[in-house]
Amino acid sequence: MTLMAEMNQKALDLGVPLSVHLDLTYRCNERCVHCYLDHDDHGEMTTEEIFGVLNQLADAGVFFLSLSGGEVLLRRDFFLIVEHARKLLFNVKVKTNATMIHEKEASRLRQLGVEQIQISVYSHRAEVHDAITKLPGSLDRTLRAIRFLKSQGLKVSISNVLMTGNFADQQGVIELAKELGVAYTLDPTITPKMDGDTSILSLRIASSELKQIFRNEELVGDMAEFCAPPPPPGEDVMNGFPCSAGHTSCYISPYGDVFPCVQFPLPSGNVRRQKFLEIWRHSPQLEEVRSIRARDLTTCSTCSHVGTCTRCPGLAYMEGSMRGPSTADCEKSFQRTGILSANMLRKARAGSAGPLIQIQGPANPMPIPAALQEANPLSA
Amino acid sequence: MAEKYIARSTAIAARMLGGEMMIMSAADSTFFTLNEVATVIWQAADGRTPLSEIVTGKVCQEFEVEPERAQCGTERFVDELSQHGILLVSDQPFDSSPSLETP
């Protein structure tokens with residue numbers, strides 16, 4: 001077990017929220033076609049309120065702090081917030097489109113000791129990237145910012161959300177990341193909008209394209225190992241937690257609402273009305289999330305993929321039940337291994353799924369490579 | 001032996017977790033955990049208190065360690081962390097690191 005995994009286990013045992021994702025604003029200067037946010041300001045927390053929240057998070061033991069949005073640099077107090085966070089010795093990661101970062105901003109981020117800047121890049125071609133962001137010139141501005149940040153010695157990571165409009169440019173973005181000397185992460189997940197609107201799910205890449213990604217050894221490493229059938233789940237798997245959401249991590253919106261995760265819209269409290277630790281320790285919603293073990297999952301507990309699936313409880317919640325399957329993850333498990341999930345088989349029996357195809361092979365558990373998942377230092 | 005002064009770098013992230021101090025260097029993302037004794041030394045590293053005073057006043061008193069052994073262990077700990085830029089060392093009292101205040 002790595003030192004980081006040990007500390008994660010310790011945080012889990014002690015009930016410490018090791019990691020928090022804080023969105024500072026939902027406002028944005030881009031209008032990405034796949035974005036799940038409403039970009040109006042419905043009453044963001046003030047600078048003082050955010051300072052107060054950060055103080056509480058530090059006291060609660062939070063170590064990893066992701067500052068995101070919307071576009072964080074639209075807040076005039078952004079650097080004051082980062083400065084306050086760094087004085088409290090958080091490990092700070094900033095997620096941004098970087099279009100508002102120039103030499104001065106890059107230098108300040110370096111001076112403040114920000115750990116990593118994660119930047120969304122959808123294509124190496126301006127016509128594709130700008131069509132997704134709906135901001136003309138955005139790719140040029142983003143790439144210029146990446147060079148400023150690199151020149152300051154900052155760690156930069158390109159986050160490439162894959163959808164129908166940019167799937168063909170995936171390799172181009174990988175090459176661009178190499179040329180810029182930055183890390184690359186790929187995310188094929190498109191989530192419903194916060195108001196429940198699922199229309200943007202039509203932007204999800206096709207199953208055949210997902211399969212192509214899972215067969216790209218540059219992304220997944222050893223393909224045979226990555227795509228191997230799952231081993232039979234043991235007791236440890238069945239007694240395990242689905243993910244870190246609500247266990248060692250949570251999400252706070254610009255309005256102070258607390259959720260188990262940014263992808264898990266279960267309102268669990270509000271830091272404008274309650275102390276953070278009161279929410280973290282006593283929220284009935286978070287307690288319910290924490291009570292769920294793999295053995296409690298409807299359908300998934302009987303699935304051969306239960307120990308290796310990337311099942312997102314937030315996506316499952318948006319589909320109707322936090323204990324239910326997340327069909328997007330069923331699809332990933334199927335495309336990765338060729339073995340249908342229990343949920344797919346159930347639907348097939350009900351006459352709503354395609355032909356049953358099963359591939360047998362040697363059992364060999366394989367974690368999802370870092371390049372294919374959201375960079376979460378707490379992931380098991 | 002010349003006196004040493006130690007201070008915590010501000011170019012790190014740090015947090016206590018169950019009696020251990022977690023530290024990550026922003027420069028190279030090296031991750032450390034400090035045990036109880038090392039945490040006490042870390043917390044006392046204000047750039048103004050002489051290292052010998054930290055050893056006698058903190059390590060020896062709080063953990064009932066012989067002064068010679070405590071001094072030796074502390075020196076090793078300081079050397080290791082200073083190599084990663086996590087502790088700053090000087091032969092004069094000093095302010096820890098450049099301020100994070102907005103210029």
# chains A, B, ... in the order shown; residues from 1 in each chain; ligands from 1
$ residues_around --residues "range 264-281 of chain A" --least-positions-apart "5" --cutoff "9 Å" --atoms "only C-alpha atoms" --output "MDAnalysis selection string"
chainID A and resid 15:17 45 49 53 56:57 59:60 194 245:246 250:252 255:259 286:287 312:318 322
$ write_last_selection --atoms "C-alpha atoms" --output "PDB file, in the first residue's frame"
ATOM      1  CA  GLY A  15     -14.174   9.927   9.217  1.00  0.00           C
ATOM      2  CA  VAL A  16     -12.001  12.794   7.991  1.00  0.00           C
ATOM      3  CA  PRO A  17     -12.921  14.637   4.773  1.00  0.00           C
ATOM      4  CA  MET A  45     -20.752  33.127  -1.354  1.00  0.00           C
ATOM      5  CA  GLU A  49     -18.004  33.556   3.548  1.00  0.00           C
ATOM      6  CA  VAL A  53     -15.618  27.920   4.868  1.00  0.00           C
ATOM      7  CA  GLN A  56     -13.688  25.295   8.738  1.00  0.00           C
ATOM      8  CA  LEU A  57     -12.375  22.872   6.113  1.00  0.00           C
ATOM      9  CA  ASP A  59     -10.069  22.576  10.996  1.00  0.00           C
ATOM     10  CA  ALA A  60     -11.969  19.514   9.718  1.00  0.00           C
ATOM     11  CA  MET A 194     -28.028  20.091 -12.823  1.00  0.00           C
ATOM     12  CA  ALA A 245     -17.907  10.404  -2.252  1.00  0.00           C
ATOM     13  CA  GLY A 246     -19.235  11.231   1.199  1.00  0.00           C
ATOM     14  CA  CYS A 250     -17.379  16.008  -0.785  1.00  0.00           C
ATOM     15  CA  TYR A 251     -18.420  18.941  -2.952  1.00  0.00           C
ATOM     16  CA  ILE A 252     -19.470  22.495  -2.031  1.00  0.00           C
ATOM     17  CA  TYR A 255     -23.987  28.917  -2.880  1.00  0.00           C
ATOM     18  CA  GLY A 256     -22.690  26.873   0.036  1.00  0.00           C
ATOM     19  CA  ASP A 257     -24.652  23.716  -0.704  1.00  0.00           C
ATOM     20  CA  VAL A 258     -22.866  20.528   0.292  1.00  0.00           C
ATOM     21  CA  PHE A 259     -23.150  17.347  -1.798  1.00  0.00           C
ATOM     22  CA  LEU A 286     -24.291  11.671   3.914  1.00  0.00           C
ATOM     23  CA  GLU A 287     -25.020   9.044   6.562  1.00  0.00           C
ATOM     24  CA  CYS A 312     -20.537   6.150 -10.115  1.00  0.00           C
ATOM     25  CA  PRO A 313     -23.135   6.347  -7.311  1.00  0.00           C
ATOM     26  CA  GLY A 314     -23.901   9.932  -8.385  1.00  0.00           C
ATOM     27  CA  LEU A 315     -24.772   8.904 -11.919  1.00  0.00           C
ATOM     28  CA  ALA A 316     -26.808   6.014 -10.462  1.00  0.00           C
ATOM     29  CA  TYR A 317     -28.625   8.530  -8.237  1.00  0.00           C
ATOM     30  CA  MET A 318     -29.401  10.676 -11.284  1.00  0.00           C
ATOM     31  CA  MET A 322     -28.006   5.693  -5.435  1.00  0.00           C
TER      32      MET A 322
END
$ select_by_dssp --residues "range 90-325 of chain A" --states "helix (DSSP H, G or I)" --output "number ranges by chain"
A: 103-111, 126-133, 138-151, 167-180, 199-203, 207-214, 217-220, 223-226, 235-238, 276-282, 284-291, 294-296, 300-302, 313-319
$ interface_residues --of "chain A" --to "chain B" --cutoff "10 Å" --atoms "only C-alpha atoms" --output "PDB file with N, CA, C and O atoms, in the first residue's frame"
ATOM      1  N   LEU A   3       1.981   5.199   0.595  1.00  0.00           N
ATOM      2  CA  LEU A   3       1.805   6.091   1.745  1.00  0.00           C
ATOM      3  C   LEU A   3       0.491   6.863   1.612  1.00  0.00           C
ATOM      4  O   LEU A   3      -0.258   7.034   2.580  1.00  0.00           O
ATOM      5  N   MET A   4       0.201   7.303   0.377  1.00  0.00           N
ATOM      6  CA  MET A   4      -1.028   8.054   0.141  1.00  0.00           C
ATOM      7  C   MET A   4      -2.261   7.179   0.407  1.00  0.00           C
ATOM      8  O   MET A   4      -3.235   7.645   1.010  1.00  0.00           O
ATOM      9  N   MET A   7      -2.818   6.879   4.095  1.00  0.00           N
ATOM     10  CA  MET A   7      -3.428   8.070   4.690  1.00  0.00           C
ATOM     11  C   MET A   7      -4.910   8.138   4.324  1.00  0.00           C
ATOM     12  O   MET A   7      -5.729   8.559   5.124  1.00  0.00           O
ATOM     13  N   ASN A   8      -5.235   7.693   3.115  1.00  0.00           N
ATOM     14  CA  ASN A   8      -6.636   7.664   2.692  1.00  0.00           C
ATOM     15  C   ASN A   8      -7.432   6.695   3.565  1.00  0.00           C
ATOM     16  O   ASN A   8      -8.546   6.999   4.000  1.00  0.00           O
ATOM     17  N   LYS A  10      -6.643   5.810   6.550  1.00  0.00           N
ATOM     18  CA  LYS A  10      -6.704   6.391   7.902  1.00  0.00           C
ATOM     19  C   LYS A  10      -7.826   7.438   7.979  1.00  0.00           C
ATOM     20  O   LYS A  10      -8.582   7.489   8.954  1.00  0.00           O
ATOM     21  N   ALA A  11      -7.916   8.269   6.925  1.00  0.00           N
ATOM     22  CA  ALA A  11      -8.973   9.283   6.875  1.00  0.00           C
ATOM     23  C   ALA A  11     -10.352   8.605   6.877  1.00  0.00           C
ATOM     24  O   ALA A  11     -11.275   9.059   7.556  1.00  0.00           O
ATOM     25  N   ASP A  13     -11.079   5.636   8.131  1.00  0.00           N
ATOM     26  CA  ASP A  13     -11.306   5.074   9.464  1.00  0.00           C
ATOM     27  C   ASP A  13     -11.708   6.145  10.469  1.00  0.00           C
ATOM     28  O   ASP A  13     -12.515   5.909  11.359  1.00  0.00           O
ATOM     29  N   LEU A  14     -11.095   7.344  10.328  1.00  0.00           N
ATOM     30  CA  LEU A  14     -11.347   8.418  11.297  1.00  0.00           C
ATOM     31  C   LEU A  14     -12.525   9.310  10.897  1.00  0.00           C
ATOM     32  O   LEU A  14     -12.903  10.209  11.636  1.00  0.00           O
ATOM     33  N   VAL A  16     -12.537  11.469   8.333  1.00  0.00           N
ATOM     34  CA  VAL A  16     -12.001  12.794   7.991  1.00  0.00           C
ATOM     35  C   VAL A  16     -12.220  13.086   6.505  1.00  0.00           C
ATOM     36  O   VAL A  16     -11.911  12.255   5.648  1.00  0.00           O
ATOM     37  N   LEU A  18     -10.859  14.213   3.617  1.00  0.00           N
ATOM     38  CA  LEU A  18      -9.497  14.533   3.177  1.00  0.00           C
ATOM     39  C   LEU A  18      -9.500  15.460   1.964  1.00  0.00           C
ATOM     40  O   LEU A  18      -8.556  16.212   1.732  1.00  0.00           O
ATOM     41  N   ALA A  58     -10.162  23.518   6.892  1.00  0.00           N
ATOM     42  CA  ALA A  58      -8.824  23.233   7.451  1.00  0.00           C
ATOM     43  C   ALA A  58      -8.968  22.592   8.826  1.00  0.00           C
ATOM     44  O   ALA A  58      -8.296  21.589   9.131  1.00  0.00           O
ATOM     45  N   ASP A  59      -9.865  23.139   9.655  1.00  0.00           N
ATOM     46  CA  ASP A  59     -10.069  22.576  10.996  1.00  0.00           C
ATOM     47  C   ASP A  59     -10.609  21.146  10.923  1.00  0.00           C
ATOM     48  O   ASP A  59     -10.345  20.330  11.806  1.00  0.00           O
ATOM     49  N   ALA A  60     -11.384  20.855   9.863  1.00  0.00           N
ATOM     50  CA  ALA A  60     -11.969  19.514   9.718  1.00  0.00           C
ATOM     51  C   ALA A  60     -10.948  18.493   9.216  1.00  0.00           C
ATOM     52  O   ALA A  60     -11.223  17.299   9.193  1.00  0.00           O
ATOM     53  N   GLY A  61      -9.776  18.979   8.781  1.00  0.00           N
ATOM     54  CA  GLY A  61      -8.725  18.052   8.327  1.00  0.00           C
ATOM     55  C   GLY A  61      -8.593  17.932   6.824  1.00  0.00           C
ATOM     56  O   GLY A  61      -7.863  17.071   6.333  1.00  0.00           O
ATOM     57  N   VAL A  62      -9.304  18.777   6.076  1.00  0.00           N
ATOM     58  CA  VAL A  62      -9.210  18.693   4.610  1.00  0.00           C
ATOM     59  C   VAL A  62      -7.783  19.043   4.164  1.00  0.00           C
ATOM     60  O   VAL A  62      -7.216  20.041   4.608  1.00  0.00           O
ATOM     61  N   PHE A  63      -7.232  18.214   3.305  1.00  0.00           N
ATOM     62  CA  PHE A  63      -5.863  18.412   2.817  1.00  0.00           C
ATOM     63  C   PHE A  63      -5.876  18.825   1.345  1.00  0.00           C
ATOM     64  O   PHE A  63      -5.224  19.767   0.945  1.00  0.00           O
ATOM     65  N   PHE A  64      -6.651  18.089   0.527  1.00  0.00           N
ATOM     66  CA  PHE A  64      -6.714  18.372  -0.915  1.00  0.00           C
ATOM     67  C   PHE A  64      -7.914  19.275  -1.208  1.00  0.00           C
ATOM     68  O   PHE A  64      -9.059  18.925  -0.885  1.00  0.00           O
ATOM     69  N   PHE A  79      -7.655  35.372  -6.506  1.00  0.00           N
ATOM     70  CA  PHE A  79      -6.302  35.226  -5.934  1.00  0.00           C
ATOM     71  C   PHE A  79      -6.297  35.423  -4.417  1.00  0.00           C
ATOM     72  O   PHE A  79      -5.477  34.831  -3.720  1.00  0.00           O
ATOM     73  N   LEU A  80      -7.213  36.240  -3.908  1.00  0.00           N
ATOM     74  CA  LEU A  80      -7.324  36.372  -2.448  1.00  0.00           C
ATOM     75  C   LEU A  80      -7.763  35.046  -1.838  1.00  0.00           C
ATOM     76  O   LEU A  80      -7.287  34.653  -0.768  1.00  0.00           O
ATOM     77  N   VAL A  82      -7.254  31.992  -3.176  1.00  0.00           N
ATOM     78  CA  VAL A  82      -6.136  31.035  -3.260  1.00  0.00           C
ATOM     79  C   VAL A  82      -5.097  31.366  -2.177  1.00  0.00           C
ATOM     80  O   VAL A  82      -4.567  30.467  -1.512  1.00  0.00           O
ATOM     81  N   GLU A  83      -4.855  32.662  -2.018  1.00  0.00           N
ATOM     82  CA  GLU A  83      -3.882  33.090  -0.999  1.00  0.00           C
ATOM     83  C   GLU A  83      -4.319  32.610   0.389  1.00  0.00           C
ATOM     84  O   GLU A  83      -3.511  32.065   1.152  1.00  0.00           O
ATOM     85  N   HIS A  84      -5.601  32.781   0.695  1.00  0.00           N
ATOM     86  CA  HIS A  84      -6.110  32.357   1.996  1.00  0.00           C
ATOM     87  C   HIS A  84      -5.985  30.830   2.135  1.00  0.00           C
ATOM     88  O   HIS A  84      -5.567  30.324   3.185  1.00  0.00           O
ATOM     89  N   ALA A  85      -6.331  30.128   1.058  1.00  0.00           N
ATOM     90  CA  ALA A  85      -6.253  28.658   1.089  1.00  0.00           C
ATOM     91  C   ALA A  85      -4.817  28.199   1.314  1.00  0.00           C
ATOM     92  O   ALA A  85      -4.559  27.261   2.068  1.00  0.00           O
ATOM     93  N   ARG A  86      -3.873  28.869   0.667  1.00  0.00           N
ATOM     94  CA  ARG A  86      -2.480  28.455   0.814  1.00  0.00           C
ATOM     95  C   ARG A  86      -1.918  28.812   2.196  1.00  0.00           C
ATOM     96  O   ARG A  86      -1.098  28.081   2.736  1.00  0.00           O
ATOM     97  N   LYS A  87      -2.405  29.926   2.750  1.00  0.00           N
ATOM     98  CA  LYS A  87      -1.979  30.243   4.130  1.00  0.00           C
ATOM     99  C   LYS A  87      -2.446  29.156   5.093  1.00  0.00           C
ATOM    100  O   LYS A  87      -1.812  28.902   6.108  1.00  0.00           O
ATOM    101  N   LEU A  88      -3.580  28.531   4.753  1.00  0.00           N
ATOM    102  CA  LEU A  88      -4.096  27.440   5.584  1.00  0.00           C
ATOM    103  C   LEU A  88      -3.450  26.103   5.211  1.00  0.00           C
ATOM    104  O   LEU A  88      -3.848  25.049   5.716  1.00  0.00           O
ATOM    105  N   LEU A  89      -2.494  26.154   4.298  1.00  0.00           N
ATOM    106  CA  LEU A  89      -1.664  25.000   3.903  1.00  0.00           C
ATOM    107  C   LEU A  89      -2.445  23.872   3.216  1.00  0.00           C
ATOM    108  O   LEU A  89      -2.106  22.693   3.340  1.00  0.00           O
ATOM    109  N   PHE A  90      -3.501  24.232   2.472  1.00  0.00           N
ATOM    110  CA  PHE A  90      -4.157  23.232   1.632  1.00  0.00           C
ATOM    111  C   PHE A  90      -3.258  22.895   0.449  1.00  0.00           C
ATOM    112  O   PHE A  90      -2.510  23.739  -0.046  1.00  0.00           O
ATOM    113  N   ASN A  91      -3.395  21.667  -0.053  1.00  0.00           N
ATOM    114  CA  ASN A  91      -2.843  21.291  -1.346  1.00  0.00           C
ATOM    115  C   ASN A  91      -3.887  21.731  -2.366  1.00  0.00           C
ATOM    116  O   ASN A  91      -4.973  21.155  -2.424  1.00  0.00           O
ATOM    117  N   VAL A  92      -3.567  22.783  -3.129  1.00  0.00           N
ATOM    118  CA  VAL A  92      -4.587  23.407  -3.983  1.00  0.00           C
ATOM    119  C   VAL A  92      -4.421  23.017  -5.447  1.00  0.00           C
ATOM    120  O   VAL A  92      -3.335  23.143  -6.019  1.00  0.00           O
ATOM    121  N   ARG A 108       1.673  34.560 -10.344  1.00  0.00           N
ATOM    122  CA  ARG A 108       1.033  34.593  -9.018  1.00  0.00           C
ATOM    123  C   ARG A 108       0.655  33.178  -8.554  1.00  0.00           C
ATOM    124  O   ARG A 108       0.811  32.843  -7.372  1.00  0.00           O
ATOM    125  N   ARG A 110       2.177  30.485  -9.322  1.00  0.00           N
ATOM    126  CA  ARG A 110       3.434  29.852  -8.926  1.00  0.00           C
ATOM    127  C   ARG A 110       3.858  30.336  -7.537  1.00  0.00           C
ATOM    128  O   ARG A 110       4.217  29.535  -6.667  1.00  0.00           O
ATOM    129  N   GLN A 111       3.764  31.650  -7.353  1.00  0.00           N
ATOM    130  CA  GLN A 111       4.170  32.236  -6.073  1.00  0.00           C
ATOM    131  C   GLN A 111       3.340  31.676  -4.923  1.00  0.00           C
ATOM    132  O   GLN A 111       3.842  31.493  -3.813  1.00  0.00           O
ATOM    133  N   LEU A 112       2.085  31.406  -5.203  1.00  0.00           N
ATOM    134  CA  LEU A 112       1.192  30.916  -4.154  1.00  0.00           C
ATOM    135  C   LEU A 112       1.356  29.412  -3.896  1.00  0.00           C
ATOM    136  O   LEU A 112       0.758  28.878  -2.977  1.00  0.00           O
ATOM    137  N   GLY A 113       2.162  28.740  -4.691  1.00  0.00           N
ATOM    138  CA  GLY A 113       2.420  27.316  -4.446  1.00  0.00           C
ATOM    139  C   GLY A 113       1.240  26.422  -4.787  1.00  0.00           C
ATOM    140  O   GLY A 113       0.985  25.427  -4.096  1.00  0.00           O
ATOM    141  N   VAL A 114       0.515  26.774  -5.850  1.00  0.00           N
ATOM    142  CA  VAL A 114      -0.583  25.914  -6.297  1.00  0.00           C
ATOM    143  C   VAL A 114       0.001  24.618  -6.850  1.00  0.00           C
ATOM    144  O   VAL A 114       0.988  24.635  -7.586  1.00  0.00           O
ATOM    145  N   GLU A 115      -0.595  23.505  -6.460  1.00  0.00           N
ATOM    146  CA  GLU A 115      -0.032  22.200  -6.801  1.00  0.00           C
ATOM    147  C   GLU A 115      -0.180  21.871  -8.289  1.00  0.00           C
ATOM    148  O   GLU A 115       0.752  21.387  -8.920  1.00  0.00           O
ATOM    149  N   GLN A 116      -1.369  22.135  -8.825  1.00  0.00           N
ATOM    150  CA  GLN A 116      -1.625  21.723 -10.210  1.00  0.00           C
ATOM    151  C   GLN A 116      -2.723  22.582 -10.829  1.00  0.00           C
ATOM    152  O   GLN A 116      -3.660  22.996 -10.140  1.00  0.00           O
ATOM    153  N   GLY A 153       7.052  26.876 -14.365  1.00  0.00           N
ATOM    154  CA  GLY A 153       7.377  25.605 -13.711  1.00  0.00           C
ATOM    155  C   GLY A 153       6.183  24.961 -13.027  1.00  0.00           C
ATOM    156  O   GLY A 153       6.351  24.067 -12.199  1.00  0.00           O
ATOM    157  N   LEU A 154       4.987  25.410 -13.355  1.00  0.00           N
ATOM    158  CA  LEU A 154       3.800  24.830 -12.716  1.00  0.00           C
ATOM    159  C   LEU A 154       3.413  23.505 -13.372  1.00  0.00           C
ATOM    160  O   LEU A 154       3.661  23.300 -14.559  1.00  0.00           O
ATOM    161  N   LYS A 155       2.794  22.648 -12.585  1.00  0.00           N
ATOM    162  CA  LYS A 155       2.309  21.373 -13.128  1.00  0.00           C
ATOM    163  C   LYS A 155       0.952  21.613 -13.782  1.00  0.00           C
ATOM    164  O   LYS A 155       0.024  22.103 -13.137  1.00  0.00           O
TER     165      LYS A 155
END
$ residues_around --residues "Ser52 in chain B" --least-positions-apart "4" --cutoff "10 Å" --atoms "only C-alpha atoms" --output "JSON, numbers by chain"
{"B": [3, 4, 5, 56, 57, 58, 59, 67, 70, 71, 74, 75]}
$ write_last_selection --atoms "all heavy atoms" --output "CSV table (one decimal), in the first residue's frame"
chain,number,residue,atom,x,y,z
B,3,GLU,N,25.1,27.1,16.1
B,3,GLU,CA,23.6,27.0,16.3
B,3,GLU,C,22.9,27.0,15.0
B,3,GLU,O,23.4,27.6,14.0
B,3,GLU,CB,23.1,28.2,17.2
B,3,GLU,CG,21.7,28.0,17.6
B,3,GLU,CD,21.5,26.7,18.4
B,3,GLU,OE1,21.7,26.7,19.6
B,3,GLU,OE2,21.1,25.7,17.8
B,4,LYS,N,21.8,26.3,14.9
B,4,LYS,CA,21.0,26.2,13.7
B,4,LYS,C,19.6,26.8,14.0
B,4,LYS,O,19.1,26.6,15.1
B,4,LYS,CB,20.8,24.8,13.2
B,4,LYS,CG,22.0,24.3,12.3
B,4,LYS,CD,21.6,22.9,11.8
B,4,LYS,CE,22.8,22.3,11.1
B,4,LYS,NZ,22.6,20.9,10.8
B,5,TYR,N,19.0,27.4,13.0
B,5,TYR,CA,17.6,27.8,13.1
B,5,TYR,C,16.8,27.2,12.0
B,5,TYR,O,17.3,27.1,10.8
B,5,TYR,CB,17.5,29.3,13.1
B,5,TYR,CG,18.2,30.0,14.2
B,5,TYR,CD1,19.6,30.2,14.2
B,5,TYR,CD2,17.5,30.4,15.3
B,5,TYR,CE1,20.2,30.8,15.3
B,5,TYR,CE2,18.1,30.9,16.4
B,5,TYR,CZ,19.5,31.2,16.4
B,5,TYR,OH,20.1,31.7,17.5
B,56,THR,N,16.0,20.3,23.4
B,56,THR,CA,15.9,20.2,24.9
B,56,THR,C,14.5,20.5,25.4
B,56,THR,O,14.0,19.9,26.2
B,56,THR,CB,16.9,21.1,25.5
B,56,THR,OG1,16.8,22.4,25.0
B,56,THR,CG2,18.3,20.6,25.3
B,57,GLY,N,13.9,21.6,24.8
B,57,GLY,CA,12.6,22.1,25.3
B,57,GLY,C,11.4,21.3,24.9
B,57,GLY,O,10.4,21.3,25.5
B,58,LYS,N,11.5,20.7,23.7
B,58,LYS,CA,10.4,19.9,23.2
B,58,LYS,C,10.6,18.4,23.1
B,58,LYS,O,9.9,17.7,23.8
B,58,LYS,CB,10.1,20.4,21.7
B,58,LYS,CG,9.7,21.9,21.6
B,58,LYS,CD,8.2,22.0,22.0
B,58,LYS,CE,7.8,23.5,21.8
B,58,LYS,NZ,6.4,23.7,22.2
B,59,VAL,N,11.7,18.0,22.4
B,59,VAL,CA,11.8,16.6,22.1
B,59,VAL,C,12.2,15.9,23.4
B,59,VAL,O,11.5,14.9,23.8
B,59,VAL,CB,12.9,16.3,21.1
B,59,VAL,CG1,13.1,14.8,20.8
B,59,VAL,CG2,12.6,17.1,19.8
B,67,PRO,N,19.3,13.7,25.7
B,67,PRO,CA,19.6,14.8,24.8
B,67,PRO,C,20.5,14.5,23.6
B,67,PRO,O,20.3,14.9,22.5
B,67,PRO,CB,20.4,15.8,25.8
B,67,PRO,CG,19.9,15.4,27.1
B,67,PRO,CD,19.6,14.0,27.1
B,70,ALA,N,18.5,12.6,21.1
B,70,ALA,CA,17.5,13.5,20.5
B,70,ALA,C,18.1,14.5,19.5
B,70,ALA,O,17.6,14.7,18.4
B,70,ALA,CB,16.8,14.3,21.6
B,71,GLN,N,19.3,15.0,19.9
B,71,GLN,CA,20.0,15.9,19.0
B,71,GLN,C,20.4,15.3,17.7
B,71,GLN,O,20.2,15.8,16.6
B,71,GLN,CB,21.3,16.5,19.7
B,71,GLN,CG,22.1,17.5,18.9
B,71,GLN,CD,21.4,18.9,18.8
B,71,GLN,OE1,20.7,19.2,19.8
B,71,GLN,NE2,21.5,19.6,17.8
B,74,THR,N,17.3,14.5,15.6
B,74,THR,CA,16.7,15.8,15.1
B,74,THR,C,17.5,16.3,13.9
B,74,THR,O,17.0,16.8,12.9
B,74,THR,CB,16.6,16.8,16.2
B,74,THR,OG1,15.9,16.3,17.2
B,74,THR,CG2,16.0,18.1,15.7
B,75,GLU,N,18.8,16.2,14.0
B,75,GLU,CA,19.7,16.7,12.9
B,75,GLU,C,19.5,15.9,11.6
B,75,GLU,O,19.4,16.5,10.6
B,75,GLU,CB,21.2,16.5,13.3
B,75,GLU,CG,21.6,17.4,14.5
B,75,GLU,CD,22.3,18.7,14.1
B,75,GLU,OE1,22.4,18.9,12.9
B,75,GLU,OE2,22.7,19.4,15.0
$ closest_residue --among "A:Val237, A:Ala224, A:Val121, A:Ile200" --to "Ala183 in chain A" --atoms "only C-alpha atoms"
A:Val121
$ residues_around --residues "Thr46 in chain A" --least-positions-apart "2" --cutoff "10 Å" --atoms "only C-alpha atoms" --output "ChimeraX atom specification"
/A:24,43-44,48-52,77,254-255
$ closest_residue --among "A:Leu73, A:Leu162, A:Leu297, A:Leu176" --to "Lys95 in chain A" --atoms "only C-alpha atoms"
A:Leu73
$ atom_distance --atom1 "CA of Phe241 in chain A" --atom2 "CA of Glu331 in chain A"
20.7 Å
